[in-house]
file target-v3.cif (mmCIF, C-alpha atoms)
data_data
#
loop_
_atom_site.group_PDB
_atom_site.id
_atom_site.type_symbol
_atom_site.label_atom_id
_atom_site.label_comp_id
_atom_site.auth_asym_id
_atom_site.auth_seq_id
_atom_site.Cartn_x
_atom_site.Cartn_y
_atom_site.Cartn_z
ATOM 1 C CA MET R 193 89.055 103.433 36.546
ATOM 2 C CA ASP R 194 92.240 104.272 38.388
ATOM 3 C CA VAL R 195 92.109 103.549 42.084
ATOM 4 C CA GLU R 196 94.860 104.675 44.427
ATOM 5 C CA VAL R 197 94.798 103.111 47.869
ATOM 6 C CA THR R 198 97.264 104.322 50.465
ATOM 7 C CA PRO R 199 97.953 102.493 53.722
ATOM 8 C CA MET R 200 95.757 103.678 56.626
ATOM 9 C CA SER R 201 98.204 104.413 59.422
ATOM 10 C CA PHE R 202 97.425 104.263 63.127
ATOM 11 C CA GLU R 203 97.817 108.021 63.330
ATOM 12 C CA ASP R 204 95.697 108.851 60.276
ATOM 13 C CA ARG R 205 92.432 107.001 59.860
ATOM 14 C CA ASN R 206 90.644 109.559 57.649
ATOM 15 C CA ILE R 207 89.275 107.702 54.638
ATOM 16 C CA SER R 208 89.120 110.926 52.661
ATOM 17 C CA HIS R 209 92.846 110.466 52.044
ATOM 18 C CA MET R 210 91.955 107.582 49.729
ATOM 19 C CA LYS R 211 91.385 108.871 46.193
ATOM 20 C CA ILE R 212 88.224 106.818 45.606
ATOM 21 C CA PRO R 213 84.735 107.968 44.625
ATOM 22 C CA ALA R 214 82.259 107.558 47.449
ATOM 23 C CA PHE R 215 80.253 104.700 45.866
ATOM 24 C CA ALA R 216 83.444 102.805 45.043
ATOM 25 C CA SER R 217 84.648 103.219 48.637
ATOM 26 C CA VAL R 218 81.570 101.413 49.923
ATOM 27 C CA ILE R 219 82.056 98.521 47.505
ATOM 28 C CA LEU R 220 85.750 98.246 48.376
ATOM 29 C CA LEU R 221 85.058 98.218 52.099
ATOM 30 C CA LEU R 222 82.619 95.337 51.665
ATOM 31 C CA PHE R 223 85.454 93.279 50.196
ATOM 32 C CA VAL R 224 88.198 94.257 52.653
ATOM 33 C CA THR R 225 86.129 94.112 55.872
ATOM 34 C CA PRO R 226 86.540 90.732 57.609
ATOM 35 C CA LEU R 227 83.442 88.572 57.582
ATOM 36 C CA HIS R 228 83.269 88.405 61.387
ATOM 37 C CA ALA R 229 83.040 92.201 61.568
ATOM 38 C CA ARG R 230 79.938 92.089 59.358
ATOM 39 C CA ASP R 231 78.236 89.492 61.557
ATOM 40 C CA ALA R 232 75.502 90.563 63.944
ATOM 41 C CA LEU R 233 76.994 92.355 66.932
ATOM 42 C CA ARG R 234 76.931 90.234 70.072
ATOM 43 C CA SER R 235 76.408 92.024 73.361
ATOM 44 C CA GLU R 236 75.413 91.318 76.925
ATOM 45 C CA PRO R 237 74.781 93.443 80.031
ATOM 46 C CA LEU R 238 77.803 94.463 82.079
ATOM 47 C CA THR R 239 76.747 93.536 85.593
ATOM 48 C CA ILE R 240 79.158 94.301 88.404
ATOM 49 C CA GLY R 241 76.987 94.224 91.496
ATOM 50 C CA THR R 242 73.643 94.835 93.147
ATOM 51 C CA SER R 243 71.969 98.052 94.274
ATOM 52 C CA HIS R 244 69.669 97.884 97.278
ATOM 53 C CA ILE R 245 67.298 100.845 97.405
ATOM 54 C CA LEU R 246 66.694 102.063 100.946
ATOM 55 C CA SER R 247 65.266 105.228 102.465
ATOM 56 C CA THR R 248 66.464 107.493 105.232
ATOM 57 C CA HIS R 249 66.517 111.233 105.909
ATOM 58 C CA ASP R 250 63.480 111.749 103.642
ATOM 59 C CA ALA R 251 65.160 110.335 100.541
ATOM 60 C CA GLU R 252 65.796 107.090 98.728
ATOM 61 C CA ARG R 253 69.402 106.092 98.187
ATOM 62 C CA ARG R 254 71.292 103.085 96.923
ATOM 63 C CA VAL R 255 73.524 100.732 98.825
ATOM 64 C CA ASN R 256 75.739 99.332 96.070
ATOM 65 C CA VAL R 257 77.308 95.923 96.699
ATOM 66 C CA VAL R 258 80.076 94.305 94.648
ATOM 67 C CA LEU R 259 81.269 90.828 95.572
ATOM 68 C CA PRO R 260 84.916 89.741 95.417
ATOM 69 C CA THR R 261 86.144 87.517 92.610
ATOM 70 C CA GLY R 262 85.472 83.888 93.442
ATOM 71 C CA TYR R 263 82.658 84.654 95.866
ATOM 72 C CA GLY R 264 80.316 82.161 94.191
ATOM 73 C CA GLN R 265 82.853 79.353 93.869
ATOM 74 C CA ASP R 266 82.982 78.175 97.496
ATOM 75 C CA ASP R 267 81.742 78.959 100.979
ATOM 76 C CA GLN R 268 84.512 81.359 101.957
ATOM 77 C CA THR R 269 83.507 84.359 104.033
ATOM 78 C CA TYR R 270 84.786 87.904 103.530
ATOM 79 C CA PRO R 271 85.089 91.188 105.421
ATOM 80 C CA MET R 272 82.916 94.102 104.352
ATOM 81 C CA VAL R 273 84.254 97.514 103.330
ATOM 82 C CA LEU R 274 81.665 100.287 103.618
ATOM 83 C CA MET R 275 82.592 103.386 101.611
ATOM 84 C CA LEU R 276 80.634 106.567 102.293
ATOM 85 C CA ASP R 277 79.672 108.988 99.511
ATOM 86 C CA ALA R 278 79.786 106.061 97.098
ATOM 87 C CA GLY R 279 76.735 106.491 94.925
ATOM 88 C CA LEU R 280 77.094 105.913 91.191
ATOM 89 C CA GLN R 281 77.441 109.672 90.668
ATOM 90 C CA GLN R 282 79.816 109.995 93.621
ATOM 91 C CA ASP R 283 82.957 108.025 94.519
ATOM 92 C CA PHE R 284 81.659 104.537 93.748
ATOM 93 C CA PHE R 285 83.659 103.764 90.614
ATOM 94 C CA LEU R 286 86.885 105.360 91.830
ATOM 95 C CA SER R 287 86.875 103.675 95.231
ATOM 96 C CA LEU R 288 85.748 100.316 93.834
ATOM 97 C CA GLY R 289 88.511 100.451 91.214
ATOM 98 C CA ILE R 290 91.128 101.183 93.870
ATOM 99 C CA GLU R 291 89.838 98.391 96.102
ATOM 100 C CA ARG R 292 89.971 95.891 93.209
ATOM 101 C CA TRP R 293 93.428 97.116 92.199
ATOM 102 C CA ASN R 294 94.583 96.459 95.771
ATOM 103 C CA GLN R 295 93.275 92.921 95.490
ATOM 104 C CA LEU R 296 95.105 92.439 92.200
ATOM 105 C CA TRP R 297 98.407 93.271 93.912
ATOM 106 C CA GLN R 298 97.401 91.455 97.099
ATOM 107 C CA ARG R 299 97.823 94.773 98.866
ATOM 108 C CA SER R 300 94.643 94.214 100.857
ATOM 109 C CA VAL R 301 92.551 91.092 101.321
ATOM 110 C CA PRO R 302 89.464 90.468 99.160
ATOM 111 C CA ALA R 303 86.357 92.087 100.599
ATOM 112 C CA ILE R 304 82.691 92.672 99.939
ATOM 113 C CA PHE R 305 82.651 96.263 98.690
ATOM 114 C CA VAL R 306 79.676 98.345 99.799
ATOM 115 C CA GLY R 307 79.112 101.844 98.436
ATOM 116 C CA ILE R 308 76.798 103.955 100.598
ATOM 117 C CA GLU R 309 75.119 106.725 98.617
ATOM 118 C CA THR R 310 74.517 110.041 100.345
ATOM 119 C CA VAL R 311 71.905 112.553 99.188
ATOM 120 C CA ASP R 312 72.346 115.586 101.448
ATOM 121 C CA ARG R 313 75.912 115.047 102.612
ATOM 122 C CA GLN R 314 76.089 117.744 105.277
ATOM 123 C CA ARG R 315 72.740 116.739 106.766
ATOM 124 C CA GLU R 316 73.660 113.066 106.876
ATOM 125 C CA LEU R 317 77.363 113.147 107.720
ATOM 126 C CA LEU R 318 77.896 116.113 110.045
ATOM 127 C CA PRO R 319 76.695 116.859 113.598
ATOM 128 C CA PRO R 320 75.041 120.148 114.562
ATOM 129 C CA THR R 321 77.181 123.273 114.517
ATOM 130 C CA SER R 322 77.049 126.465 116.546
ATOM 131 C CA SER R 323 79.000 128.332 113.859
ATOM 132 C CA GLU R 324 76.733 130.897 112.199
ATOM 133 C CA PRO R 325 78.659 130.851 108.869
ATOM 134 C CA GLU R 326 78.371 127.039 108.740
ATOM 135 C CA GLN R 327 74.689 127.182 109.653
ATOM 136 C CA LYS R 328 74.082 129.710 106.891
ATOM 137 C CA ARG R 329 76.047 127.746 104.292
ATOM 138 C CA PHE R 330 74.685 124.321 105.273
ATOM 139 C CA PRO R 331 71.265 124.914 106.851
ATOM 140 C CA THR R 332 70.274 121.220 106.802
ATOM 141 C CA ALA R 333 73.456 119.935 108.494
ATOM 142 C CA GLY R 334 73.413 118.186 111.830
ATOM 143 C CA GLU R 335 71.840 114.713 111.608
ATOM 144 C CA SER R 336 74.885 112.447 111.656
ATOM 145 C CA ASP R 337 73.569 110.555 114.700
ATOM 146 C CA GLY R 338 70.461 109.588 112.733
ATOM 147 C CA PHE R 339 72.512 108.453 109.754
ATOM 148 C CA ARG R 340 74.736 106.374 112.038
ATOM 149 C CA HIS R 341 71.650 104.755 113.559
ATOM 150 C CA TRP R 342 70.414 103.936 110.045
ATOM 151 C CA LEU R 343 73.732 102.268 109.227
ATOM 152 C CA SER R 344 73.679 100.182 112.380
ATOM 153 C CA SER R 345 69.978 99.284 112.453
ATOM 154 C CA GLU R 346 69.212 98.805 108.750
ATOM 155 C CA VAL R 347 72.263 98.663 106.502
ATOM 156 C CA LEU R 348 74.538 96.324 108.452
ATOM 157 C CA PRO R 349 71.735 93.832 109.270
ATOM 158 C CA LEU R 350 70.655 93.782 105.612
ATOM 159 C CA LEU R 351 74.201 93.120 104.436
ATOM 160 C CA ARG R 352 74.792 90.365 106.982
ATOM 161 C CA GLU R 353 71.509 88.698 106.067
ATOM 162 C CA HIS R 354 72.199 88.630 102.328
ATOM 163 C CA TYR R 355 75.957 88.214 102.048
ATOM 164 C CA ARG R 356 78.553 85.764 103.357
ATOM 165 C CA ASP R 357 80.600 88.066 105.562
ATOM 166 C CA ASP R 358 83.151 86.967 108.142
ATOM 167 C CA GLY R 359 81.748 89.223 110.854
ATOM 168 C CA ARG R 360 84.112 92.119 110.191
ATOM 169 C CA ALA R 361 83.074 95.488 108.762
ATOM 170 C CA PHE R 362 85.197 98.575 108.055
ATOM 171 C CA LEU R 363 84.035 102.165 107.562
ATOM 172 C CA LEU R 364 85.830 104.579 105.225
ATOM 173 C CA GLY R 365 85.163 108.158 104.195
ATOM 174 C CA GLU R 366 86.769 111.375 102.991
ATOM 175 C CA SER R 367 86.199 115.047 103.867
ATOM 176 C CA ALA R 368 82.765 115.409 105.546
ATOM 177 C CA ALA R 369 82.492 111.623 105.421
ATOM 178 C CA GLY R 370 85.899 111.511 107.117
ATOM 179 C CA HIS R 371 84.500 113.610 109.967
ATOM 180 C CA PHE R 372 81.632 111.108 110.210
ATOM 181 C CA VAL R 373 84.159 108.269 110.407
ATOM 182 C CA VAL R 374 86.073 109.944 113.251
ATOM 183 C CA GLU R 375 82.842 110.781 115.072
ATOM 184 C CA THR R 376 81.694 107.164 114.747
ATOM 185 C CA TRP R 377 85.093 105.903 115.968
ATOM 186 C CA ILE R 378 84.711 108.118 119.051
ATOM 187 C CA LYS R 379 81.000 107.614 119.810
ATOM 188 C CA THR R 380 80.315 104.011 118.793
ATOM 189 C CA PRO R 381 83.707 102.347 118.251
ATOM 190 C CA GLU R 382 82.179 98.875 118.528
ATOM 191 C CA LEU R 383 80.090 99.417 115.391
ATOM 192 C CA PHE R 384 82.989 98.655 113.031
ATOM 193 C CA ASP R 385 86.242 96.722 113.252
ATOM 194 C CA GLY R 386 88.381 99.425 111.685
ATOM 195 C CA TYR R 387 88.072 102.972 110.375
ATOM 196 C CA ALA R 388 89.676 105.199 107.738
ATOM 197 C CA ALA R 389 89.204 108.994 107.715
ATOM 198 C CA LEU R 390 90.867 110.681 104.744
ATOM 199 C CA SER R 391 91.315 114.448 105.135
ATOM 200 C CA PRO R 392 88.406 114.663 107.591
ATOM 201 C CA SER R 393 86.699 118.035 107.954
ATOM 202 C CA MET R 394 87.995 118.595 111.485
ATOM 203 C CA GLN R 395 87.318 122.340 111.260
ATOM 204 C CA TRP R 396 83.591 121.709 111.645
ATOM 205 C CA ASN R 397 81.851 123.418 114.556
ATOM 206 C CA GLY R 398 84.962 125.190 115.802
ATOM 207 C CA GLN R 399 86.969 121.942 115.851
ATOM 208 C CA ALA R 400 84.581 120.622 118.502
ATOM 209 C CA LEU R 401 85.228 116.954 117.734
ATOM 210 C CA SER R 402 88.946 117.152 118.508
ATOM 211 C CA ARG R 403 88.511 119.594 121.407
ATOM 212 C CA ASN R 404 86.053 117.306 123.160
ATOM 213 C CA PHE R 405 88.082 114.194 122.448
ATOM 214 C CA ALA R 406 91.254 115.742 123.854
ATOM 215 C CA ARG R 407 89.471 116.225 127.196
ATOM 216 C CA GLU R 408 88.356 112.598 127.400
ATOM 217 C CA ALA R 409 90.229 109.644 128.831
ATOM 218 C CA GLU R 410 90.428 107.525 125.708
ATOM 219 C CA THR R 411 89.340 103.904 125.890
ATOM 220 C CA ASP R 412 90.705 101.197 123.639
ATOM 221 C CA ARG R 413 89.246 101.543 120.152
ATOM 222 C CA PRO R 414 89.598 99.712 116.807
ATOM 223 C CA PRO R 415 92.448 100.601 114.399
ATOM 224 C CA LEU R 416 92.159 103.996 112.703
ATOM 225 C CA PHE R 417 93.782 105.239 109.498
ATOM 226 C CA ILE R 418 93.718 109.028 109.312
ATOM 227 C CA SER R 419 95.409 111.456 106.961
ATOM 228 C CA LEU R 420 96.121 115.132 106.467
ATOM 229 C CA ALA R 421 96.781 116.882 103.139
ATOM 230 C CA ASP R 422 97.557 120.568 102.669
ATOM 231 C CA GLU R 423 94.214 121.835 104.008
ATOM 232 C CA GLY R 424 95.905 124.049 106.590
ATOM 233 C CA GLY R 425 94.026 126.385 108.923
ATOM 234 C CA ASP R 426 91.374 125.069 111.299
ATOM 235 C CA THR R 427 91.207 121.700 109.522
ATOM 236 C CA GLU R 428 94.894 121.057 110.150
ATOM 237 C CA GLU R 429 94.763 122.399 113.702
ATOM 238 C CA GLY R 430 91.798 120.211 114.603
ATOM 239 C CA LEU R 431 93.309 117.084 113.083
ATOM 240 C CA LEU R 432 96.701 117.550 114.730
ATOM 241 C CA ARG R 433 95.021 118.038 118.113
ATOM 242 C CA PHE R 434 93.036 114.877 117.559
ATOM 243 C CA VAL R 435 95.920 112.615 116.488
ATOM 244 C CA SER R 436 98.064 113.888 119.362
ATOM 245 C CA SER R 437 95.448 112.505 121.770
ATOM 246 C CA VAL R 438 94.949 109.058 120.209
ATOM 247 C CA ARG R 439 96.322 106.073 122.112
ATOM 248 C CA SER R 440 94.584 103.315 120.172
ATOM 249 C CA PRO R 441 96.216 101.651 117.141
ATOM 250 C CA MET R 442 96.502 104.318 114.463
ATOM 251 C CA CYS R 443 98.208 105.013 111.157
ATOM 252 C CA TYR R 444 98.512 108.774 110.777
ATOM 253 C CA SER R 445 99.621 109.695 107.267
ATOM 254 C CA ASP R 446 100.949 113.253 107.077
ATOM 255 C CA ARG R 447 100.810 114.169 103.388
ATOM 256 C CA ARG R 448 100.875 117.953 103.577
ATOM 257 C CA ASP R 449 103.826 118.067 101.196
ATOM 258 C CA ASP R 450 102.371 116.145 98.251
ATOM 259 C CA LEU R 451 98.571 115.906 98.468
ATOM 260 C CA VAL R 452 95.745 118.418 98.351
ATOM 261 C CA HIS R 453 92.230 117.903 99.614
ATOM 262 C CA ALA R 454 90.921 117.053 96.133
ATOM 263 C CA ASN R 455 93.244 114.089 95.525
ATOM 264 C CA THR R 456 93.388 112.588 99.009
ATOM 265 C CA LEU R 457 91.028 109.763 98.088
ATOM 266 C CA HIS R 458 93.051 108.910 94.984
ATOM 267 C CA GLY R 459 96.335 108.967 96.838
ATOM 268 C CA LEU R 460 95.530 107.349 100.166
ATOM 269 C CA LEU R 461 92.642 104.906 99.823
ATOM 270 C CA PRO R 462 95.103 102.155 98.734
ATOM 271 C CA GLU R 463 97.127 102.674 101.921
ATOM 272 C CA ALA R 464 94.034 102.844 104.119
ATOM 273 C CA LEU R 465 92.868 99.465 102.817
ATOM 274 C CA GLN R 466 96.360 98.024 103.181
ATOM 275 C CA TYR R 467 96.464 99.129 106.817
ATOM 276 C CA LEU R 468 93.007 97.864 107.743
ATOM 277 C CA LEU R 469 93.043 94.638 105.688
ATOM 278 C CA PRO R 470 96.690 93.533 105.388
ATOM 279 C CA THR R 471 97.651 90.423 103.454
ATOM 280 C CA GLY R 472 101.142 89.725 104.716
ATOM 281 C CA ALA R 473 102.511 89.745 101.149
ATOM 282 C CA ASP R 474 106.280 90.182 101.368
ATOM 283 C CA TRP R 475 106.853 91.808 97.961
ATOM 284 C CA LEU R 476 104.828 94.994 98.430
ATOM 285 C CA ALA R 477 107.744 97.208 99.466
ATOM 286 C CA GLU R 478 109.666 96.133 96.360
ATOM 287 C CA TYR R 479 106.985 97.812 94.244
ATOM 288 C CA GLY R 480 106.588 100.870 96.450
ATOM 289 C CA LEU R 481 103.316 99.673 97.978
ATOM 290 C CA VAL R 482 104.145 100.768 101.490
ATOM 291 C CA LEU R 483 102.448 102.434 104.428
ATOM 292 C CA ARG R 484 103.704 105.820 105.578
ATOM 293 C CA CYS R 485 102.509 106.043 109.156
ATOM 294 C CA GLN R 486 103.421 108.320 112.012
ATOM 295 C CA ALA R 487 102.464 107.418 115.559
ATOM 296 C CA SER R 488 101.008 110.072 117.816
ATOM 297 C CA ALA R 489 102.885 111.290 120.850
ATOM 298 C CA ALA R 490 100.131 109.891 123.057
ATOM 299 C CA ALA R 491 100.412 106.451 121.480
ATOM 300 C CA GLU R 492 104.179 106.416 121.897
ATOM 301 C CA ALA R 493 103.900 107.502 125.532
ATOM 302 C CA SER R 494 101.463 104.699 126.288
ATOM 303 C CA GLU R 495 103.798 101.988 124.959
#
call {"tool": "encode", "arguments": {"input": "target-v3.cif", "output": "structure tokens"}}
result
Amino acid sequence: MDVEVTPMSFEDRNISHMKIPAFASVILLLFVTPLHARDALRSEPLTIGTSHILSTHDAERRVNVVLPTGYGQDDQTYPMVLMLDAGLQQDFFLSLGIERWNQLWQRSVPAIFVGIETVDRQRELLPPTSSEPEQKRFPTAGESDGFRHWLSSEVLPLLREHYRDDGRAFLLGESAAGHFVVETWIKTPELFDGYAALSPSMQWNGQALSRNFAREAETDRPPLFISLADEGGDTEEGLLRFVSSVRSPMCYSDRRDDLVHANTLHGLLPEALQYLLPTGADWLAEYGLVLRCQASAAAEASE
């Protein structure tokens, strides 16, 4: 029997290109397949963290915790990074991957990563609105105070009881979650040690958050990273009013020229973590891992 065997290239793996009867192909493969490939497949679970199942706002949700590399090797303590909208079907994997990539480059210090799942985002993350179109589109919205109380009274105590934190906790969120971050920074600044609001939905309720804040005499608050993409309109107007009134430490990243709302998290979470949890590494600029911050006029005037 004539058998013609041609090399199987990387680009072309179709065995039909071999001019071999089907039964002969099976016999040939038994001879050419390495023995270890015919051994029983070894597998084990891929475990990356722990999910704590809690309830609030009439629904169960998961608080997903991933520990930094080396956590179990000594008694070192770590800061906690709480990422909103970070359920397994939300931004958990993306934000965790970015946070671990930052650690790899020593762009931000190792931290206990905590992904907070949301179920009804507008209900949980936004305050009430007097806007009829917003009420019609999001009829359940308006319970951000209750969600904040849940974070402070249940989530943070649970985390501090079960994990070796260093006493610091940072809150991060994007879009509606970004509005929640800014609202928390204004209302209960002592709750976290630093905040990051990526493209926050500052148009909500007629820009009420920034309008009210601009009328207040600001007190000293924790560091805030805040960014603007090309949202335009009321979102841009509300955010610019807000940052112009901030006197506390702030990194305002104006990215209207190169980011849209949809890729803000991808583009700016690395910088937000670098700002809030700096390492002091002196090679970051060499690789383009830099912060692009603009100070507000109010902050400059107060210096």
call {"tool": "atom_distance", "arguments": {"input": "target-v3.cif", "atom1": "atom CA of R:Leu233", "atom2": "atom CA of R:Phe285"}}
result
27.1 Å
call {"tool": "resolve_selection", "arguments": {"input": "target-v3.cif", "expression": "the PyMOL selection byres ((chain R and resi 297) around 12)", "output": "list in words"}}
result
Ile290, Glu291, Arg292, Trp293, Asn294, Gln295, Leu296, Gln298, Arg299, Ser300, Val301, Pro302, Pro462, Gln466, Pro470, Thr471, Gly472, Ala473, Asp474, Trp475, Leu476, Ala477, Glu478, Tyr479, Gly480 and Leu481 of chain R
call {"tool": "write_last_selection", "arguments": {"input": "target-v3.cif", "atoms": "C-alpha atoms", "output": "PDB file, in the coordinates of the input"}}
result
ATOM      1  CA  ILE R 290      91.128 101.183  93.870  1.00  0.00           C
ATOM      2  CA  GLU R 291      89.838  98.391  96.102  1.00  0.00           C
ATOM      3  CA  ARG R 292      89.971  95.891  93.209  1.00  0.00           C
ATOM      4  CA  TRP R 293      93.428  97.116  92.199  1.00  0.00           C
ATOM      5  CA  ASN R 294      94.583  96.459  95.771  1.00  0.00           C
ATOM      6  CA  GLN R 295      93.275  92.921  95.490  1.00  0.00           C
ATOM      7  CA  LEU R 296      95.105  92.439  92.200  1.00  0.00           C
ATOM      8  CA  GLN R 298      97.401  91.455  97.099  1.00  0.00           C
ATOM      9  CA  ARG R 299      97.823  94.773  98.866  1.00  0.00           C
ATOM     10  CA  SER R 300      94.643  94.214 100.857  1.00  0.00           C
ATOM     11  CA  VAL R 301      92.551  91.092 101.321  1.00  0.00           C
ATOM     12  CA  PRO R 302      89.464  90.468  99.160  1.00  0.00           C
ATOM     13  CA  PRO R 462      95.103 102.155  98.734  1.00  0.00           C
ATOM     14  CA  GLN R 466      96.360  98.024 103.181  1.00  0.00           C
ATOM     15  CA  PRO R 470      96.690  93.533 105.388  1.00  0.00           C
ATOM     16  CA  THR R 471      97.651  90.423 103.454  1.00  0.00           C
ATOM     17  CA  GLY R 472     101.142  89.725 104.716  1.00  0.00           C
ATOM     18  CA  ALA R 473     102.511  89.745 101.149  1.00  0.00           C
ATOM     19  CA  ASP R 474     106.280  90.182 101.368  1.00  0.00           C
ATOM     20  CA  TRP R 475     106.853  91.808  97.961  1.00  0.00           C
ATOM     21  CA  LEU R 476     104.828  94.994  98.430  1.00  0.00           C
ATOM     22  CA  ALA R 477     107.744  97.208  99.466  1.00  0.00           C
ATOM     23  CA  GLU R 478     109.666  96.133  96.360  1.00  0.00           C
ATOM     24  CA  TYR R 479     106.985  97.812  94.244  1.00  0.00           C
ATOM     25  CA  GLY R 480     106.588 100.870  96.450  1.00  0.00           C
ATOM     26  CA  LEU R 481     103.316  99.673  97.978  1.00  0.00           C
TER      27      LEU R 481
END
call {"tool": "residues_around", "arguments": {"input": "target-v3.cif", "residues": "R:Leu451", "least_positions_apart": "5", "cutoff": "8 Å", "atoms": "all atoms listed in the file", "output": "mmCIF file with C-alpha atoms, in the frame of the given file"}}
result
data_model
loop_
_atom_site.group_PDB
_atom_site.id
_atom_site.type_symbol
_atom_site.label_atom_id
_atom_site.label_comp_id
_atom_site.auth_asym_id
_atom_site.auth_seq_id
_atom_site.Cartn_x
_atom_site.Cartn_y
_atom_site.Cartn_z
ATOM 1 C CA ALA R 421 96.781 116.882 103.139
ATOM 2 C CA ASP R 422 97.557 120.568 102.669
ATOM 3 C CA THR R 456 93.388 112.588 99.009
ATOM 4 C CA GLY R 459 96.335 108.967 96.838
#
call {"tool": "closest_atom_pairs", "arguments": {"input": "target-v3.cif", "of": "stretch 253-282 of chain R", "to": "stretch 235-249 of chain R", "cutoff": "8 Å", "atoms": "all atoms listed in the file", "output": "CSV"}}
result
residue,atom,partner,partner_atom,distance
R:Arg253,CA,R:Leu246,CA,5.6
R:Arg254,CA,R:Ile245,CA,4.6
R:Val255,CA,R:His244,CA,5.0
R:Asn256,CA,R:Ser243,CA,4.4
R:Val257,CA,R:Thr242,CA,5.2
R:Val258,CA,R:Gly241,CA,4.4
R:Leu259,CA,R:Gly241,CA,6.8
call {"tool": "closest_residue", "arguments": {"input": "target-v3.cif", "among": "R:Leu318, R:Leu348, R:Met275, R:Leu280", "to": "R:Asn397", "atoms": "all atoms listed in the file"}}
result
R:Leu318
call {"tool": "residues_around", "arguments": {"input": "target-v3.cif", "residues": "R:Arg484", "least_positions_apart": "5", "cutoff": "12 Å", "atoms": "all atoms listed in the file", "output": "list in words"}}
result
Phe417, Ile418, Ser419, Met442, Cys443, Tyr444, Ser445, Asp446, Arg447, Gly459, Leu460, Pro462, Glu463, Ala464, Gln466, Tyr467 and Ala477 of chain R
call {"tool": "residues_around", "arguments": {"input": "target-v3.cif", "residues": "R:Asp358", "least_positions_apart": "6", "cutoff": "12 Å", "atoms": "all atoms listed in the file", "output": "ChimeraX atom specification"}}
result
/R:267-273,302-304,351-352,385
call {"tool": "write_last_selection", "arguments": {"input": "target-v3.cif", "atoms": "C-alpha atoms", "output": "PDB file, keeping the file's coordinate frame"}}
result
ATOM      1  CA  ASP R 267      81.742  78.959 100.979  1.00  0.00           C
ATOM      2  CA  GLN R 268      84.512  81.359 101.957  1.00  0.00           C
ATOM      3  CA  THR R 269      83.507  84.359 104.033  1.00  0.00           C
ATOM      4  CA  TYR R 270      84.786  87.904 103.530  1.00  0.00           C
ATOM      5  CA  PRO R 271      85.089  91.188 105.421  1.00  0.00           C
ATOM      6  CA  MET R 272      82.916  94.102 104.352  1.00  0.00           C
ATOM      7  CA  VAL R 273      84.254  97.514 103.330  1.00  0.00           C
ATOM      8  CA  PRO R 302      89.464  90.468  99.160  1.00  0.00           C
ATOM      9  CA  ALA R 303      86.357  92.087 100.599  1.00  0.00           C
ATOM     10  CA  ILE R 304      82.691  92.672  99.939  1.00  0.00           C
ATOM     11  CA  LEU R 351      74.201  93.120 104.436  1.00  0.00           C
ATOM     12  CA  ARG R 352      74.792  90.365 106.982  1.00  0.00           C
ATOM     13  CA  ASP R 385      86.242  96.722 113.252  1.00  0.00           C
TER      14      ASP R 385
END
call {"tool": "closest_residue", "arguments": {"input": "target-v3.cif", "among": "R:Leu416, R:Leu317, R:Leu465, R:Ala389", "to": "R:Ala368", "atoms": "all atoms listed in the file"}}
result
R:Leu317
call {"tool": "closest_residue", "arguments": {"input": "target-v3.cif", "among": "R:Gly370, R:Pro441, R:Gly398, R:Pro414", "to": "R:Glu324", "atoms": "only C-alpha atoms"}}
result
R:Gly398
call {"tool": "atom_distance", "arguments": {"input": "target-v3.cif", "atom1": "atom CA of R:Gly424", "atom2": "atom CA of R:Leu483"}}
result
22.7 Å
call {"tool": "atom_distance", "arguments": {"input": "target-v3.cif", "atom1": "atom CA of R:Arg360", "atom2": "atom CA of R:Ile308"}}
result
16.9 Å
call {"tool": "resolve_selection", "arguments": {"input": "target-v3.cif", "expression": "the PyMOL selection byres ((chain R and resi 378) around 9)", "output": "ChimeraX atom specification"}}
result
/R:373-377,379-381,401,405,410,413
call {"tool": "closest_residue", "arguments": {"input": "target-v3.cif", "among": "R:Arg234, R:Val311, R:Pro415, R:Ser436", "to": "R:Leu468", "atoms": "only C-alpha atoms"}}
result
R:Pro415
call {"tool": "resolve_selection", "arguments": {"input": "target-v3.cif", "expression": "the PyMOL selection byres ((chain R and resi 319) around 6)", "output": "list in words"}}
result
Leu318, Pro320, Gly334, Glu335 and Ser336 of chain R
call {"tool": "write_last_selection", "arguments": {"input": "target-v3.cif", "atoms": "C-alpha atoms", "output": "PDB file, in the coordinates of the input"}}
result
ATOM      1  CA  LEU R 318      77.896 116.113 110.045  1.00  0.00           C
ATOM      2  CA  PRO R 320      75.041 120.148 114.562  1.00  0.00           C
ATOM      3  CA  GLY R 334      73.413 118.186 111.830  1.00  0.00           C
ATOM      4  CA  GLU R 335      71.840 114.713 111.608  1.00  0.00           C
ATOM      5  CA  SER R 336      74.885 112.447 111.656  1.00  0.00           C
TER       6      SER R 336
END
call {"tool": "closest_residue", "arguments": {"input": "target-v3.cif", "among": "R:Leu274, R:Trp342, R:Val452, R:Arg433", "to": "R:Phe384", "atoms": "only C-alpha atoms"}}
result
R:Leu274
call {"tool": "decode", "arguments": {"input": "target-v3.cif", "residues": "stretch 392-404 of chain R", "atoms": "C-alpha atoms", "output": "PDB file, in the first residue's frame"}}
result
ATOM      1  CA  PRO R 392     -18.683  59.266  36.228  1.00  0.00           C
ATOM      2  CA  SER R 393     -22.274  59.881  35.159  1.00  0.00           C
ATOM      3  CA  MET R 394     -22.264  63.504  36.310  1.00  0.00           C
ATOM      4  CA  GLN R 395     -25.297  64.317  34.148  1.00  0.00           C
ATOM      5  CA  TRP R 396     -27.556  62.491  36.596  1.00  0.00           C
ATOM      6  CA  ASN R 397     -30.397  64.490  38.131  1.00  0.00           C
ATOM      7  CA  GLY R 398     -29.603  67.684  36.252  1.00  0.00           C
ATOM      8  CA  GLN R 399     -25.945  67.590  37.346  1.00  0.00           C
ATOM      9  CA  ALA R 400     -27.114  67.975  40.946  1.00  0.00           C
ATOM     10  CA  LEU R 401     -24.010  66.398  42.473  1.00  0.00           C
ATOM     11  CA  SER R 402     -21.628  68.972  41.002  1.00  0.00           C
ATOM     12  CA  ARG R 403     -24.051  71.888  41.431  1.00  0.00           C
ATOM     13  CA  ASN R 404     -24.468  71.190  45.131  1.00  0.00           C
TER      14      ASN R 404
END
